[in-house]
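What follows is a short report on a single structure.
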Amino acid sequence: MGMAKHKLPITLALLALLLLGPISLVSAQEEEAAVSIEMFTINNTWMLVATFLVFTMHLGFASLEAGLTRAKNAVNILFKNTAIIAIGLLTYALCGFNLMYPGEFIIGGEAGFFGFAGFGLNPGDDPGIGYADGAYTYWTDFIFQAMFAATAATIVSGAVAERIKLSSFLIFSAIYVAIFYPIAGSWQWGEGFLDAMGFYDFAGSTLVHSAGGWAALAGVLLLGPRLGKYTPGGIRAIEGHSMPLATIGMFLLWLGWFGFNGGSVLSADPEEVSFVFVTTALAAAAGIMGAMAASWTIIKKPDLSMTLNGSLAGLVGITAGADVVGVTSAIIIGFIAGIIVVGSVLLLDRARLDDPVGAISVHLVCGIWGTLAVGIFSADHSIVTQLIGVVSYGVFCFVSAFAIFGILKATIGIRVSESEEMRGLDIDEHGMEAYGGFQIFTSR
Amino acid sequence: MGMAKHKLPITLALLALLLLGPISLVSAQEEEAAVSIEMFTINNTWMLVATFLVFTMHLGFASLEAGLTRAKNAVNILFKNTAIIAIGLLTYALCGFNLMYPGEFIIGGEAGFFGFAGFGLNPGDDPGIGYADGAYTYWTDFIFQAMFAATAATIVSGAVAERIKLSSFLIFSAIYVAIFYPIAGSWQWGEGFLDAMGFYDFAGSTLVHSAGGWAALAGVLLLGPRLGKYTPGGIRAIEGHSMPLATIGMFLLWLGWFGFNGGSVLSADPEEVSFVFVTTALAAAAGIMGAMAASWTIIKKPDLSMTLNGSLAGLVGITAGADVVGVTSAIIIGFIAGIIVVGSVLLLDRARLDDPVGAISVHLVCGIWGTLAVGIFSADHSIVTQLIGVVSYGVFCFVSAFAIFGILKATIGIRVSESEEMRGLDIDEHGMEAYGGFQIFTSR
Amino acid sequence: MGMAKHKLPITLALLALLLLGPISLVSAQEEEAAVSIEMFTINNTWMLVATFLVFTMHLGFASLEAGLTRAKNAVNILFKNTAIIAIGLLTYALCGFNLMYPGEFIIGGEAGFFGFAGFGLNPGDDPGIGYADGAYTYWTDFIFQAMFAATAATIVSGAVAERIKLSSFLIFSAIYVAIFYPIAGSWQWGEGFLDAMGFYDFAGSTLVHSAGGWAALAGVLLLGPRLGKYTPGGIRAIEGHSMPLATIGMFLLWLGWFGFNGGSVLSADPEEVSFVFVTTALAAAAGIMGAMAASWTIIKKPDLSMTLNGSLAGLVGITAGADVVGVTSAIIIGFIAGIIVVGSVLLLDRARLDDPVGAISVHLVCGIWGTLAVGIFSADHSIVTQLIGVVSYGVFCFVSAFAIFGILKATIGIRVSESEEMRGLDIDEHGMEAYGGFQIFTSR
Amino acid sequence: MKLIIAYIQPDKLNSVKQSLFEAKVTKMSVTNSLGCGQQHGYHETYRGVDVEVNLLKKVRLEIAINDEFVKPAMDAIIKGAKTGNIGDGKIFVLDLAECVRIRTGEIGNAAIG
Amino acid sequence: MKLIIAYIQPDKLNSVKQSLFEAKVTKMSVTNSLGCGQQHGYHETYRGVDVEVNLLKKVRLEIAINDEFVKPAMDAIIKGAKTGNIGDGKIFVLDLAECVRIRTGEIGNAAIG
Amino acid sequence: MKLIIAYIQPDKLNSVKQSLFEAKVTKMSVTNSLGCGQQHGYHETYRGVDVEVNLLKKVRLEIAINDEFVKPAMDAIIKGAKTGNIGDGKIFVLDLAECVRIRTGEIGNAAIG
Ligand SMILES: Nc1ncnc2c1ncn2[C@@H]1O[C@H](COP(=O)(O)OP(=O)(O)O)[C@@H](O)[C@H]1O
Ligand SMILES: Nc1ncnc2c1ncn2[C@@H]1O[C@H](COP(=O)(O)OP(=O)(O)O)[C@@H](O)[C@H]1O
Ligand SMILES: Nc1ncnc2c1ncn2[C@@H]1O[C@H](COP(=O)(O)OP(=O)(O)O)[C@@H](O)[C@H]1O
């Protein structure tokens, strides 16, 4: 995404103009478009492919989170993930899109920090080739961004799993995704004040992952740990119930990331998209190696769940700079992210912050790392500006998430009862079990 | 699909012609083609992407159906879904494709109701750019349509699960997909009498989903319910054995639907494809909300399996009109579909029609709803014509499916023995278990 | 891939040149490019789509292998598959890519058998449109090939499952993928001596699948069978623990194969890519039918695990000739592959070669079949040359894999201890279980 | 006091529970079990290898009960589980020396029901 | 020698093990079980159909023990498992006629611990 | 009549069944169990937190048997299960008061086999 939003990479546009030189004389419509109809179509097609890839990430999150938690809460987690994508898409259509890309800012001047282009979707006169200089249609723009929006809430889901009240979580998600995530997003991708300042976050290490991560942290602080996690006798492990499910989740997330980062080029520009594929894949691979090395060294065993986190850590890490750092830098960023995530999981646990799936470590901690890494590994960006961005988002996201969760806690409550937690949320919240009739395998 | 079959959207074609004006002078080949080779390539590429997305739906069905039924029948369901895709593709190559797109009708005049272009695949002189005015190649046309065909049979699979004889089911599927589905399809997409009448079914709410749903209904009626489902004491729940599997299935189906609907544009037309993405995704999201609301209200619990059905209901509902209804209409259609599916599942159960996965409610009932909704929400289509289409397909599909199942029942039988049903189809039909050596976890 | 590597199909290029005739006068950059920027972009986009499809195969392998083995070794298998993709991508960046496509050969003359273009990635002057005549960028080339490379090692993983030491396996994989697989690949795709000789292997029946299969055979021979598999009393079945997981794996592999074969066209050429889709899908379908028929006949039951293997057998079988054999030939090749795989699994078991997932039968045996089938079903290729290719790769791959495994066996050992194998590799190698807290379902 | 252990066909669990309830026996514990008895197993095949399955799925009931209820309980189990086919199952009865209700500390006959 | 069978709430397994260890009882076997007792079950619904679940998840302990340890063991179980709520569980005690340690062939009291 | 309860290593199930068959004992019931005995558990780690697993997977056999078969059955179990290593397991024998075959209503010694 980044600054190129609504603009095709210049080289591409120039080339296209040259190419179309003689043709534009005969086509009035073409005079306005920066690219040929063919280029427009391929750009748009790639963006739609990227859209369904990002959609796949929601299945990835659902699987990963369900796999890393207990069987008795699996229905609840699957339900939350199913509801979030629905809530995310609908609220983004209602107001999120127009808050994130307001066109003009109301507060904060030209490149400000709050604007709103009105409720609902409004494609305007030319939702097609004239919309974004031939990069994609209005509808593509909306649906691609909408898929992004829903991921921010999904990140929270894993961290607060196994103890949060379903209704409170849904209310939180709706508000956060509909209002706070897009406002924050407008500061950068909506061409707000951070964008003007030179802050760079290609595909959302900060705007999406940290945004989710800060909210996860707020939720975990207000909820407290799962029963029995931290006993006077020490920290207890609460094992995830299905490693195959968790592994499926990781692979699908990685798959989706090709669209998350690759689509953030905002066109099918061959060099840029393919380069982003390379940095993304190598950072994920390096994240796996980093986490494998770290867990083999520290825990003395190659921990699968940590290694899965490692790949995601690498992916979150590279997300901010996938198009502006070199291949070697991408590997280093990913490898360090893989190490960071293991350390962070261990430290958060020592700090008695109970995050069942490691969402805070993966998305918040590595999101910050990735954003700062742009300042370190790319000569064109300043680490100070990056830090300003990180802090701005941190304050805004954490405070707003804390406020929403806090108000919910004070009113309808955010945590299920002790007996419900013991028995599992599936039975009390949903009245059903994830593996019905399976354990007493033949009683029907 | 719809009426645009074999024709590129006119705007696109015109634009392309303008664009290619000066070039066509130097290229003899180009004189014939409606679009440039680039546009042809991108159209074709998108159609192939849509093809593999529709392929993914078969995994979606396999997962959903296996998850919503019992562990002791899981191998059987997975086997059926594996066999169906094979049977579907091969019979479609053998005769289905040429029954569905006969070119000329033999019975019923120019826009008739039966035609056949002969056995096997016959690409003709120009299987490439000249084949469909540059929208896709002959091969793409075949493989995209073949993936569709197989889904109709898969829909049946879920409804008749846990009691149907494997061999009978395979025979039924082969006949239905090879002969009856394509004949019915030719009435509309093959430019038969319903197409001529103005009936509209963009991507197959009726042609695919209801076609499968009617067959499912016929099967359920002739098979009867699973043992122990309806007792004198009342209706018993027979729980699905894996909600994670069911949820994976739903997400993969939704993913595939981006190709099912998006590919039915039959070109990569940026505005149309992206618009279809938006209506499809929002209808699915609204279906989730509708089913969630309905189940929370009626059953008093947010039922996961119903909510999964809700998303599919929304998708089936929008399929007929994804390109001709507005965004708000899409949301309304999806939301109502989500409510309908919950009501329908409950009513069918009261009517003692045992459909383990809700296939009839999702595909038949919401397929009808979606088809009629085109008449309601699109000014260009008449609800009367839509109703005529629904009834035509209903009579033909139900009667033919009932006949095939009926003959099978009278001859080789369609239901497994009582003891086989008790013990599970996996052991008696396949001689193996889905989770071997797992429950007595360490006996080997 | 085959000989067209780095060259666009001629028809396409000519057409494009014609098309661009008048335009190339105004664009200096275009003079050099064989295709328009639009064609370049669509080609490249398709190749990236193919890349993420091949990526999906790694999840397919992970699922299939985990499903067909026991629960107590599931973490180990998932871990191996996670590590392999990371190792594969990183080593391919380090040296594999430049060994496989050395440009110039050092040993063996112009079309030789060893060359090396140096460590690391080096995009050269024009990584874009000028790199491969507009077929894709340098980065796309690398990442697509890198995804392929990792699959060769993954194939081994399944065959040696449930008894191999993790560290030895990782070392083996790293060496094999980094050095031996690419050297062998250079003989054909790197335009080495087999390419010069007229050997044909479109997408890697031999170069990828047999290469993996030979290594699998070497591993199985040196490791010996799993404890308790072959007893004095006869052959014992060791059942896979999750058929749903195995089925998910098969479908994802098939899905990925659309990219594996479709991407090996190395451009988005509409006719060729769509034709490859058709042969690929029909061969897979026929493989299912072949294996179903064979298992129903021989074992008297329609065996699901065999049928899953059958689809993969068909896919491996068509891989060598997907673009050069006809549709009917593709069906025959697939059907025979489906029968072969069942026979091969049974025979290898009689021969006491213990391959838990059937990797040798699917990838080696059907890889050989598919390569020879090109000589049988395509008039343009000689079965003798095909045989020479098969033997060359066989000798090289088997000997090198045997040597690596042999040295590891003599030094750090390749097999886990008996008690570790009994208890499961998950506990001893990884210190965790795949389904934690599930069997004693509520003790926490 | 006695401890009744009964092995029944899994699909009979509901009807056995039903007839036990009618006989006023409402406390019991249920476990999965694999049984090897007169009932023949069956043959599975896995990847072409024959698997002789002679451990069949059964459900195991455990009922602690006062002496006077033993006969009615056994009759109820038989009523609910009997089909006349091999594999119907068995009932075993053991002497129960003591019984305690954890919640109240009650012991013996008082604790059992 | 006695055989103690105890049904407890699953989430009490750890604390019961703890208090048994304190009472020097370190050998036991644990199984999953479904229990039907005074504790009311709950209602699930599946696709709109009511499911009355009256078999609740319990953990079953089996402890073979020398007579002098029976009382301390029972006390330990009660200590670890008691909450005062319905569903806390029961303890049953049976006479144990013989005991053998497979590894050594030791029998009786010597084998039990 | 006696009721034999034996805990063995899971991987010994086949050989124990084999030697029981040789001793003409063909009826039994098998359950999963977790055991805590002399055998040390092991350490798992999950996400860096140590998990001390002291409940090891065992298989539990239950065999109702006539008195004269008790000795041969126990010997057979020992023969099949013994490796001499800690964790081999234990055999417990209880008195069985009654036995009924559900299918026929036979009782006592006649019903057991
Ligand atoms: N002697 C025994 N010891 C332990 N369990 C037994 C014994 N006899 C039978 N069972 C259990 O009872 C089940 C039914 O036994 P079976 O002989 O098939 O019944 P029936 O003869 O009544 O038809 C067996 O599968 C097994 O679980
Ligand atoms: N008579 C019995 N026979 C077998 N198991 C019993 C019996 N009574 C109770 N149980 C077991 O003990 C568990 C707890 O019983 P419950 O009556 O709920 O306990 P409490 O009365 O102590 O609160 C039950 O779920 C069941 O597993
Ligand atoms: N006193 C006991 N009560 C109940 N189960 C026991 C007892 N002693 C041993 N067991 C069971 O037997 C298994 C093997 O015990 P262990 O002491 O390891 O055997 P051994 O001393 O023969 O090597 C244990 O895991 C447990 O399941």
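Residues in the structure tokens are numbered from 1 in each chain, the chains being A, B, ... in the order shown, and ligands are numbered from 1 in the order shown.
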Give me the chain D side of the contact with ligand 2, cut-off 9 Å, one line per residue showing its nearest atom pair and distance in Å at one decimal, counting only C-alpha atoms and all ligand atoms, sorted by chain and residue number, as a tab-separated table.
```
residue	atom	partner	partner_atom_place_in_ligand_line	distance
D:Leu3	CA	ligand 2	3 (N)	7.5
D:Ile4	CA	ligand 2	3 (N)	8.2
D:Val25	CA	ligand 2	1 (N)	8.2
D:Thr26	CA	ligand 2	1 (N)	7.7
D:Lys27	CA	ligand 2	2 (C)	4.5
D:Met28	CA	ligand 2	4 (C)	3.7
D:Ser29	CA	ligand 2	27 (O)	4.3
D:Val30	CA	ligand 2	27 (O)	7.3
D:Leu61	CA	ligand 2	4 (C)	8.0
D:Glu62	CA	ligand 2	4 (C)	5.2
D:Ile63	CA	ligand 2	3 (N)	3.6
D:Ala64	CA	ligand 2	3 (N)	3.7
D:Ile65	CA	ligand 2	1 (N)	5.4
D:Asn66	CA	ligand 2	1 (N)	8.6
D:Cys99	CA	ligand 2	1 (N)	9.0
D:Val100	CA	ligand 2	22 (O)	8.4
D:Arg101	CA	ligand 2	22 (O)	4.8
D:Ile102	CA	ligand 2	22 (O)	5.2
D:Arg103	CA	ligand 2	22 (O)	4.6
D:Thr104	CA	ligand 2	22 (O)	7.0
D:Gly105	CA	ligand 2	22 (O)	8.7
D:Ala111	CA	ligand 2	21 (O)	7.9
D:Ile112	CA	ligand 2	1 (N)	4.9
D:Gly113	CA	ligand 2	1 (N)	5.4
```
Given the selection you just returned, output its residues as a file containing N, CA, C and O atoms, formatted as an mmCIF file, in the first residue's frame.
```
data_model
loop_
_atom_site.group_PDB
_atom_site.id
_atom_site.type_symbol
_atom_site.label_atom_id
_atom_site.label_comp_id
_atom_site.auth_asym_id
_atom_site.auth_seq_id
_atom_site.Cartn_x
_atom_site.Cartn_y
_atom_site.Cartn_z
ATOM 1 N N LEU D 3 -21.006 -53.575 43.101
ATOM 2 C CA LEU D 3 -20.575 -52.790 41.954
ATOM 3 C C LEU D 3 -20.892 -53.610 40.706
ATOM 4 O O LEU D 3 -20.356 -54.710 40.519
ATOM 5 N N ILE D 4 -21.766 -53.062 39.866
ATOM 6 C CA ILE D 4 -22.118 -53.747 38.623
ATOM 7 C C ILE D 4 -21.282 -53.173 37.486
ATOM 8 O O ILE D 4 -21.192 -51.943 37.336
ATOM 9 N N VAL D 25 -32.812 -46.545 38.760
ATOM 10 C CA VAL D 25 -31.354 -46.468 38.877
ATOM 11 C C VAL D 25 -30.904 -45.297 38.012
ATOM 12 O O VAL D 25 -31.033 -45.338 36.796
ATOM 13 N N THR D 26 -30.421 -44.249 38.658
ATOM 14 C CA THR D 26 -30.135 -43.037 37.908
ATOM 15 C C THR D 26 -28.676 -42.629 38.003
ATOM 16 O O THR D 26 -28.274 -41.624 37.430
ATOM 17 N N LYS D 27 -27.892 -43.397 38.733
ATOM 18 C CA LYS D 27 -26.485 -43.028 38.860
ATOM 19 C C LYS D 27 -25.627 -44.074 38.173
ATOM 20 O O LYS D 27 -25.800 -45.282 38.431
ATOM 21 N N MET D 28 -24.745 -43.631 37.386
ATOM 22 C CA MET D 28 -23.859 -44.588 36.721
ATOM 23 C C MET D 28 -22.695 -43.832 36.101
ATOM 24 O O MET D 28 -22.711 -42.610 35.994
ATOM 25 N N SER D 29 -21.706 -44.613 35.694
ATOM 26 C CA SER D 29 -20.576 -44.034 34.974
ATOM 27 C C SER D 29 -20.341 -44.850 33.710
ATOM 28 O O SER D 29 -20.492 -46.062 33.718
ATOM 29 N N VAL D 30 -19.979 -44.157 32.662
ATOM 30 C CA VAL D 30 -19.880 -44.785 31.353
ATOM 31 C C VAL D 30 -18.478 -44.560 30.772
ATOM 32 O O VAL D 30 -17.949 -43.458 30.865
ATOM 33 N N LEU D 61 -20.452 -49.857 31.460
ATOM 34 C CA LEU D 61 -21.180 -49.150 32.515
ATOM 35 C C LEU D 61 -20.656 -49.591 33.862
ATOM 36 O O LEU D 61 -20.359 -50.776 34.073
ATOM 37 N N GLU D 62 -20.598 -48.672 34.786
ATOM 38 C CA GLU D 62 -20.223 -49.020 36.148
ATOM 39 C C GLU D 62 -21.289 -48.438 37.065
ATOM 40 O O GLU D 62 -21.539 -47.233 37.019
ATOM 41 N N ILE D 63 -21.915 -49.290 37.835
ATOM 42 C CA ILE D 63 -23.002 -48.844 38.697
ATOM 43 C C ILE D 63 -22.790 -49.358 40.101
ATOM 44 O O ILE D 63 -22.779 -50.572 40.328
ATOM 45 N N ALA D 64 -22.593 -48.453 41.026
ATOM 46 C CA ALA D 64 -22.532 -48.842 42.435
ATOM 47 C C ALA D 64 -23.957 -48.800 42.953
ATOM 48 O O ALA D 64 -24.696 -47.842 42.692
ATOM 49 N N ILE D 65 -24.333 -49.810 43.723
ATOM 50 C CA ILE D 65 -25.759 -49.956 43.969
ATOM 51 C C ILE D 65 -26.013 -50.725 45.258
ATOM 52 O O ILE D 65 -25.218 -51.574 45.660
ATOM 53 N N ASN D 66 -27.094 -50.407 45.922
ATOM 54 C CA ASN D 66 -27.454 -51.159 47.119
ATOM 55 C C ASN D 66 -27.997 -52.535 46.738
ATOM 56 O O ASN D 66 -28.569 -52.715 45.670
ATOM 57 N N CYS D 99 -18.336 -46.938 50.274
ATOM 58 C CA CYS D 99 -18.751 -45.914 49.320
ATOM 59 C C CYS D 99 -18.823 -44.581 50.048
ATOM 60 O O CYS D 99 -19.347 -44.504 51.155
ATOM 61 N N VAL D 100 -18.293 -43.534 49.467
ATOM 62 C CA VAL D 100 -18.301 -42.205 50.089
ATOM 63 C C VAL D 100 -18.739 -41.154 49.074
ATOM 64 O O VAL D 100 -18.306 -41.186 47.921
ATOM 65 N N ARG D 101 -19.597 -40.263 49.510
ATOM 66 C CA ARG D 101 -19.937 -39.126 48.663
ATOM 67 C C ARG D 101 -18.983 -37.985 49.023
ATOM 68 O O ARG D 101 -18.949 -37.537 50.163
ATOM 69 N N ILE D 102 -18.212 -37.566 48.082
ATOM 70 C CA ILE D 102 -17.171 -36.578 48.370
ATOM 71 C C ILE D 102 -17.760 -35.277 48.909
ATOM 72 O O ILE D 102 -17.265 -34.715 49.885
ATOM 73 N N ARG D 103 -18.837 -34.841 48.317
ATOM 74 C CA ARG D 103 -19.422 -33.554 48.668
ATOM 75 C C ARG D 103 -19.809 -33.464 50.133
ATOM 76 O O ARG D 103 -19.510 -32.487 50.818
ATOM 77 N N THR D 104 -20.471 -34.554 50.642
ATOM 78 C CA THR D 104 -21.024 -34.480 51.987
ATOM 79 C C THR D 104 -20.257 -35.315 52.989
ATOM 80 O O THR D 104 -20.420 -35.171 54.200
ATOM 81 N N GLY D 105 -19.444 -36.256 52.491
ATOM 82 C CA GLY D 105 -18.782 -37.168 53.395
ATOM 83 C C GLY D 105 -19.673 -38.315 53.834
ATOM 84 O O GLY D 105 -19.251 -39.181 54.607
ATOM 85 N N ALA D 111 -24.696 -43.062 50.671
ATOM 86 C CA ALA D 111 -23.902 -42.316 49.702
ATOM 87 C C ALA D 111 -24.110 -42.807 48.286
ATOM 88 O O ALA D 111 -23.822 -42.115 47.314
ATOM 89 N N ILE D 112 -24.599 -43.996 48.188
ATOM 90 C CA ILE D 112 -24.556 -44.657 46.888
ATOM 91 C C ILE D 112 -25.511 -44.041 45.862
ATOM 92 O O ILE D 112 -25.211 -43.964 44.667
ATOM 93 N N GLY D 113 -26.690 -43.618 46.357
ATOM 94 C CA GLY D 113 -27.747 -43.255 45.392
ATOM 95 C C GLY D 113 -27.716 -41.787 45.006
ATOM 96 O O GLY D 113 -27.122 -40.963 45.664
#
```
Could you give me, as a Markdown table, every chain D residue with an atom at most 6 Å from ligand 1, plus its closest atom pair and distance in Å to one decimal, counting only C-alpha atoms and all ligand atoms, rows ordered by chain then number?
```
| residue | atom | partner | partner_atom_place_in_ligand_line | distance |
| --- | --- | --- | --- | --- |
| D:Tyr7 | CA | ligand 1 | 12 (O) | 5.0 |
| D:Leu34 | CA | ligand 1 | 27 (O) | 5.9 |
| D:Gly35 | CA | ligand 1 | 27 (O) | 3.1 |
| D:Cys36 | CA | ligand 1 | 25 (O) | 4.3 |
| D:Gly37 | CA | ligand 1 | 17 (O) | 3.6 |
| D:Gln38 | CA | ligand 1 | 17 (O) | 3.5 |
| D:Gln39 | CA | ligand 1 | 18 (O) | 3.9 |
| D:Asn85 | CA | ligand 1 | 23 (O) | 5.9 |
| D:Ile86 | CA | ligand 1 | 23 (O) | 3.1 |
| D:Gly87 | CA | ligand 1 | 23 (O) | 3.4 |
| D:Asp88 | CA | ligand 1 | 23 (O) | 4.5 |
| D:Gly89 | CA | ligand 1 | 14 (C) | 3.5 |
| D:Lys90 | CA | ligand 1 | 12 (O) | 4.9 |
```
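Residues in contact range of B:Leu364, defined as at most 9 Å between only C-alpha atoms, with sequence neighbours fewer than 3 positions away removed, read Ser205, Thr206, His209, Ser210, Ala211, Gly212, Gly213, Trp214, Ala216, Leu217, Val316, Ala359, Ile360, Ser361, Gly367, Ile368 and Trp369 of chain B.
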query: Just asking: which residues within stretch 261-390 of chain A are helix (DSSP H, G or I) according to DSSP, as a PyMOL selection string?
result: chain A and resi 261-265+270-298+304-319+327-350+359-377+383-390
field: Distance-based interface of chain A with chain B, 6 Å, counting only C-alpha atoms, as an MDAnalysis selection string
entry: chainID A and resid 38 41 44 79 86 128 139:140 430 434:436 438
Pull N, CA and C atoms from the residues just selected and write them as a PDB file, in the first residue's frame.
```
ATOM      1  N   GLU A  38      -5.994  -2.854 -21.377  1.00  0.00           N
ATOM      2  CA  GLU A  38      -5.390  -4.144 -21.042  1.00  0.00           C
ATOM      3  C   GLU A  38      -4.654  -4.064 -19.709  1.00  0.00           C
ATOM      4  N   THR A  41      -6.979  -3.915 -16.935  1.00  0.00           N
ATOM      5  CA  THR A  41      -7.611  -5.201 -16.636  1.00  0.00           C
ATOM      6  C   THR A  41      -6.672  -6.131 -15.875  1.00  0.00           C
ATOM      7  N   ASN A  44      -6.194  -4.866 -12.318  1.00  0.00           N
ATOM      8  CA  ASN A  44      -7.389  -5.128 -11.526  1.00  0.00           C
ATOM      9  C   ASN A  44      -7.521  -6.614 -11.196  1.00  0.00           C
ATOM     10  N   PHE A  79     -16.399 -19.722  15.743  1.00  0.00           N
ATOM     11  CA  PHE A  79     -17.534 -18.828  15.604  1.00  0.00           C
ATOM     12  C   PHE A  79     -17.078 -17.376  15.526  1.00  0.00           C
ATOM     13  N   ALA A  86     -17.559 -11.346   8.716  1.00  0.00           N
ATOM     14  CA  ALA A  86     -18.846 -10.750   8.342  1.00  0.00           C
ATOM     15  C   ALA A  86     -18.950  -9.317   8.857  1.00  0.00           C
ATOM     16  N   GLY A 128     -14.318   2.915 -12.805  1.00  0.00           N
ATOM     17  CA  GLY A 128     -13.479   2.025 -13.589  1.00  0.00           C
ATOM     18  C   GLY A 128     -12.098   2.571 -13.833  1.00  0.00           C
ATOM     19  N   TRP A 139     -14.581  -0.773  -6.928  1.00  0.00           N
ATOM     20  CA  TRP A 139     -15.050  -1.959  -6.197  1.00  0.00           C
ATOM     21  C   TRP A 139     -13.895  -2.818  -5.713  1.00  0.00           C
ATOM     22  N   THR A 140     -12.886  -2.911  -6.547  1.00  0.00           N
ATOM     23  CA  THR A 140     -11.697  -3.669  -6.145  1.00  0.00           C
ATOM     24  C   THR A 140     -11.030  -2.995  -4.961  1.00  0.00           C
ATOM     25  N   HIS A 430     -22.371 -21.619  23.261  1.00  0.00           N
ATOM     26  CA  HIS A 430     -22.929 -22.079  21.992  1.00  0.00           C
ATOM     27  C   HIS A 430     -23.799 -23.324  22.119  1.00  0.00           C
ATOM     28  N   ALA A 434     -17.227 -29.119  19.840  1.00  0.00           N
ATOM     29  CA  ALA A 434     -16.500 -29.117  18.571  1.00  0.00           C
ATOM     30  C   ALA A 434     -16.380 -30.522  17.994  1.00  0.00           C
ATOM     31  N   TYR A 435     -16.268 -31.482  18.876  1.00  0.00           N
ATOM     32  CA  TYR A 435     -16.083 -32.856  18.404  1.00  0.00           C
ATOM     33  C   TYR A 435     -17.190 -33.730  18.988  1.00  0.00           C
ATOM     34  N   GLY A 436     -18.399 -33.455  18.541  1.00  0.00           N
ATOM     35  CA  GLY A 436     -19.571 -34.111  19.114  1.00  0.00           C
ATOM     36  C   GLY A 436     -19.567 -35.606  18.873  1.00  0.00           C
ATOM     37  N   PHE A 438     -17.709 -37.853  19.607  1.00  0.00           N
ATOM     38  CA  PHE A 438     -16.476 -38.411  19.081  1.00  0.00           C
ATOM     39  C   PHE A 438     -15.745 -39.181  20.167  1.00  0.00           C
TER      40      PHE A 438
END
```
query: Quick one: which residues from chain F are at most 12 Å off chain E, using only C-alpha atoms, as a ChimeraX atom specification?
result: /F:1-9,16,30-40,52-60,70-71,74-97
- request: Identify every residue of chain E that has at least one atom within 7 Å of any atom of chain C, counting only C-alpha atoms, and report the result as a PyMOL selection string.
  value: chain E and resi 10-11+13+32
Residues from the last selection, N, CA and C atoms, saved as a PDB file, in the first residue's frame:
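The resulting out.pdb:
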```pdb
ATOM      1  N   PRO E  10     -13.148 -33.343  36.438  1.00  0.00           N
ATOM      2  CA  PRO E  10     -11.893 -33.341  35.671  1.00  0.00           C
ATOM      3  C   PRO E  10     -10.925 -32.257  36.108  1.00  0.00           C
ATOM      4  N   ASP E  11     -11.458 -31.100  36.417  1.00  0.00           N
ATOM      5  CA  ASP E  11     -10.527 -30.028  36.726  1.00  0.00           C
ATOM      6  C   ASP E  11      -9.915 -30.159  38.111  1.00  0.00           C
ATOM      7  N   LEU E  13      -8.374 -32.972  38.943  1.00  0.00           N
ATOM      8  CA  LEU E  13      -7.363 -34.031  38.864  1.00  0.00           C
ATOM      9  C   LEU E  13      -6.033 -33.582  39.453  1.00  0.00           C
ATOM     10  N   ASN E  32     -10.743 -41.514  31.469  1.00  0.00           N
ATOM     11  CA  ASN E  32     -11.889 -40.648  31.208  1.00  0.00           C
ATOM     12  C   ASN E  32     -13.160 -41.409  31.467  1.00  0.00           C
TER      13      ASN E  32
END
```
message: Applying 12 Å and only C-alpha atoms, which residues near C:Gly124 remain after dropping the ones on its own chain fewer than 5 positions away? List them as number ranges by chain.
response: C: 117, 130-132, 137-139
Selection to disk with C-alpha atoms, as a short mmCIF file (atom, residue, chain, number, x, y, z; two decimals), in the first residue's frame:
```
data_model
loop_
_atom_site.label_atom_id
_atom_site.label_comp_id
_atom_site.auth_asym_id
_atom_site.auth_seq_id
_atom_site.Cartn_x
_atom_site.Cartn_y
_atom_site.Cartn_z
CA ALA C 117 26.74 -18.89 -11.60
CA GLY C 130 14.28 -7.78 -20.93
CA TYR C 131 15.11 -10.71 -18.66
CA ALA C 132 13.20 -13.56 -20.24
CA THR C 137 10.97 -11.04 -14.17
CA TYR C 138 14.14 -12.37 -12.63
CA TRP C 139 12.46 -12.41 -9.24
#
```
